[in-house]
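Enquirer: This is the structure I want to talk about, given as C-alpha cells.
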Amino acid sequence: MGIPLTRLNKGDEGRRRSRRQRREEASAYAFLLPALIFVLALMLYPMLHSFYLSFTTYDFVYDEAPTFAGLRTYLEVLQDDFFQTAFKNTAYFALGFFPMLVILSLSIALLLNQPLQGSTLVRTSVFLPVIVSLALTGVMFQGMILSGRFGLLNHVLGNILGLKVWTREWLTDPHTAMPSLIAVSLWKYVGFEALIFLAGLQAIPEALYEAAKVDGANGWQRLLHVTLPSLRESFALVGIWGIIQSIKVFEQAFVMTQGGPANSTFTLYYYTWKNAFDFYEMGNASASAYIVCFLILIFSLINMALTRGERA
Amino acid sequence: MQKATIFKWFNQFTLYLLAVFVSLVFIAPFIWVLFTSLKADSEIYKVPITILPRQIVFSQYEHVLREMSEFTIYFANTVIVSVVSLAIVLLLSSLAGYAFGCLSFRGNRLLLTLVLLVLTIPYAVYLIPVFILENRLDLVDTRLGLILPYVALNLPLAIFIMRGTFRNIPKEMEDAALIDGAGRLQTWSRVMMPIAMPGVATTGIFTFVMVWSEFMFARALMLSKKAYTLPIGITFLQSEAQSWNFGVLAAAIVLTLLPVLIVFLLLQRFLVKGIMEGALKG
C-alpha cells in the first residue's frame with residue numbers, strides 16, 4: 001500500500017507544482033470529466049435533493065412544490081402504524097437472514113476449500129443464483145417452486161420424501177410467508193458471500209496450519225484458532241453485504257407476496273416504495289429512505305467495530 | 001493404520017455427498033424450470049408430477065416467441081438498454097480509471113468514498129429525485145430514461161475496478177509511450193487499453209449482470225407496456241398466469257436467463273477473480 005500513497009500525495013507538499021505536474025493534472029480532469037458529469041447529475045444531486053425532500057411534505061400529484069416541514073416528516077413516518085409493522089417485519093427478516101447467511105456461506109466456503117474433484121462445478125452451481133435477477137428469482141420461486149399444486153418443493157416433500165403433512169401454500173400461509181422469503185434470499189445470496197469467504201480461506205498461509213499441527217491441534221481447534229481469526233477481513237466484508245441485504249429487502253416481497261398475507265411481509269423498503277410510487281408522497285418516502293440508510297449506517301459501524309483488528 | 005485409511009475414506013465420501021447435496025439445492029430450481037419448459041401441457045398437469053420430461057417438445061418456446069408479442073418487446077428493450085449502458089460505462093470507466101490509476105491530481109481519494117456510498121446507499125434515495133426529474137424532462141417511458149441512471153449507478157464500481165487494473169500496469173510501459181511523443185489520449189488508447197482488457201472483462205460482466213436484472217428503477221420509470229424491460233415484464237406475465245400456463249412461464253424464464261447465463265459461463269473466471277480480489281483488498 002506504500003506506492004499508491006506516495007502517488008496520491010505527490011505535488012501536494014507545499015512546494016509549487018511544476019508545469020509538467022499541472023499539465024498532468026489537467027489531463028487527469030479531462031479524462032474524468034465525462035464520468036464526473038454522470039455521477040454529479042444522477043447521483044450526488046439526487047442524494048442531496050432527496051435529503052432536502054425528507055424534511056418536506058410533497059404530494060407529487062397535487063403540490064406545485066415541496067413545503068418545508070422540518071423534522072415533522074420524520075415524526076410522522078415514525079408514528080405511522082404501517083411503518084411500525086414494516087419495521088418489525090424487517091427486523092424479523094434480518095434476524096432470520098443474517099445469521100444464516102454467515103453460517104451457510106462460511107460452511108460452503110469451507111467445503112469448497114477442500115481438495116475435492118469437481119469443486120469448480122460445485123462453486124459454479126452455488127454461484128449461479130447470484131447472477132439471476134431478484135425479480136426473476138421471485139417469479140421462479142412463486143410460480144414453480146413454492147406454489148401449492150405444481151411447485152417443486154411440495155412435490156419433493158409429498159411424493160418423494162413422503163412428508164405429505166408438510167406440504168402447503170408456502171407464500172400465502174402467514175406462518176411460512178416470511179420464512180420462505182428468507183430461504184429464497186439465502187438461495188440467491190449465499191454464493192456471493194461464500195466466494196468472499198473462499199478468497200479469505202485461500203489467503204491463509206499453509207504454514208499456520210503446519211505449525212498448529214506440530215503443536216498437536218486437532219481439526220476443530222485448527223478451525224477455531226487458526227481459520228476463524230484469519231478470516232477477520234472476510235467477516236467484515238460479508239458482514240457489510242449481509243447487513244445491506246438484510247435491511248433493504250424489497251423485490252422478494254414485492255414480487256412474491258406483495259407484502260402479504262395480512263402485511264406479514266411488508267418491509268421498510270417496501271414502505272418507502274409505496275409512499276413514493278403508489279401514494280406519491282415524496283417527502284415521507286424520502287424520509288423513510290433515509291431511515292433505511294441510517295439503519296444500514298448504524299449496523300455497518302457496529303460491524304466495523306466488531307471486526308476491527310486488535311491493533312489495526 | 002487400516003482404521004485410519006477407512007476413516008479417511010469415509011471422510012472423503014461424506015464430503016462428496018455433501019458437495020453433491022449442496023450443488024443440487026442451488027441448481028435444482030433451474031433444472032426444474034428447464035425441464036418444465038420442455039414438456040407438453042398434457043405432461044405438466046399430469047398427476048402425479050414427473051420430473052424428467054417424457055418427451056421433449058419446443059412448443060412452449062414457440063408460443064412465447066410467436067404469440068406473445070410483449071415478450072419480444074421486453075427482450076428487445078432489455079438488450080438495447082443493457083448494451084448501450086454497458087458500452088457507455090466501459091468507455092467512461094476506462095477513461096476515469098486511467099486518471100485515478102496512473103495520473104496524479106488532487107481529489108483522488110474521493111473516489112473510494114463515492115464507491116462506498118453507492119454500494120451502501122439504497123437506490124430509493126436516488127430514485128425519488130430521478131423520478132421527479134424524469135417526469136419534468138419527459139424521459140419517463142423512454143430507453144434513455146433508463147440508460148442515464150444505469151450508467152451513473154454502475155460507474156463508481158466500474159471506475160474502481162478499472163483503477164485497480166491500470167494501477168497494476170508497470171509505469172515503464174506508459175513512460176515509454178510518452179517519451180516517444182504520444183499524447184495522453186494516444187497512450188491510453190494504443191498502449192494502456194490493450195493491456196487493461198482483463199479488467200474491462202471484469203467490469204463488463206459486473207455491469208451487464210447488474211443492468212440486465214435491475215428492477216426498482218425500471219419499475220418506477222417505465223410505466224407503459226411497450227417500455228418494460230424483462231425483469232418488469234416477467235412479473236406482469238406471471239400475474240396473468242391464470243390465463244396462460246406453467247410451461248409458457250418456464251420457457252419465458254429460461255429465455256430471460258439465457259443471455260446472462262451465456263455471458264456468465266464465458267466470462268466466469270473474470271467475475272470470480274473480480275470478487276475474490278476485491279475481497280482481499282477489503
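Numbering starts fresh at 1 for the residues of each chain in the C-alpha cells, the chains themselves are lettered A, B, ... in the order given, and ligands are numbered from 1 as they appear.
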Kindly determine which residues of chain B lie within 7 Å of chain A, considering only C-alpha atoms, and give the answer as number ranges by chain.
Expert: B: 19, 23, 26-27, 29, 92-93, 95-96, 99, 103-105, 108, 120-122, 124-126, 128-130, 149, 152, 209, 213, 215, 220, 231, 235, 238, 275-276, 279-280, 282
Enquirer: For the selection you just gave me, I'd like the residues written to a file as a compact mmCIF listing (two decimals), in the first residue's frame, keeping C-alpha atoms.
Expert:
```txt
# COMPACT_ATOMS: atom_id res chain seq x y z
CA ALA B 19 -20.91 -31.38 -2.17
CA SER B 23 -24.97 -28.25 -5.65
CA PHE B 26 -28.75 -24.46 -5.70
CA ILE B 27 -29.24 -25.91 -9.13
CA PRO B 29 -34.81 -24.87 -9.32
CA LEU B 92 -16.20 6.25 -19.25
CA SER B 93 -14.82 3.95 -16.57
CA LEU B 95 -11.08 6.88 -19.10
CA ALA B 96 -11.67 7.72 -15.47
CA ALA B 99 -6.86 9.00 -14.46
CA LEU B 103 -2.22 10.21 -13.06
CA SER B 104 -1.70 12.33 -10.00
CA PHE B 105 -4.20 15.02 -9.17
CA ASN B 108 -8.11 11.26 -5.97
CA THR B 120 -24.33 1.10 0.67
CA ILE B 121 -26.99 3.71 -0.05
CA PRO B 122 -30.30 2.19 -1.10
CA ALA B 124 -34.61 4.72 -3.42
CA VAL B 125 -32.52 7.69 -2.28
CA TYR B 126 -31.54 8.36 -5.90
CA ILE B 128 -37.15 9.52 -5.92
CA PRO B 129 -35.44 12.68 -7.27
CA VAL B 130 -34.64 10.97 -10.57
CA PRO B 149 -29.36 6.39 -14.36
CA ALA B 152 -24.45 6.66 -13.28
CA VAL B 209 -25.42 -8.60 -14.74
CA SER B 213 -31.50 -7.57 -13.68
CA PHE B 215 -35.77 -3.85 -11.05
CA ALA B 220 -40.74 3.17 -11.28
CA PRO B 231 -37.45 -8.07 -15.01
CA THR B 235 -43.57 -10.23 -13.19
CA GLN B 238 -46.64 -14.13 -14.22
CA ILE B 275 -14.95 -10.71 -6.41
CA MET B 276 -12.07 -12.61 -4.83
CA ALA B 279 -12.48 -9.19 -1.23
CA LEU B 280 -8.80 -9.29 -0.41
CA GLY B 282 -11.19 -5.04 1.68
```
Enquirer: Mind checking DSSP for range 168-287 of chain A and telling me the helix (DSSP H, G or I) residues as a PyMOL selection string?
Expert: chain A and resi 177-202+206-214+219-230+232-247+251-256+268-277+282-287
Enquirer: Rank nothing, just name the residue among A:Gly96, A:Thr67, A:Arg222, A:Ser107 nearest to Ala183 in chain A, using only C-alpha atoms.
Expert: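 Using only C-alpha atoms, Ala183 in chain A sits closest to A:Gly96.
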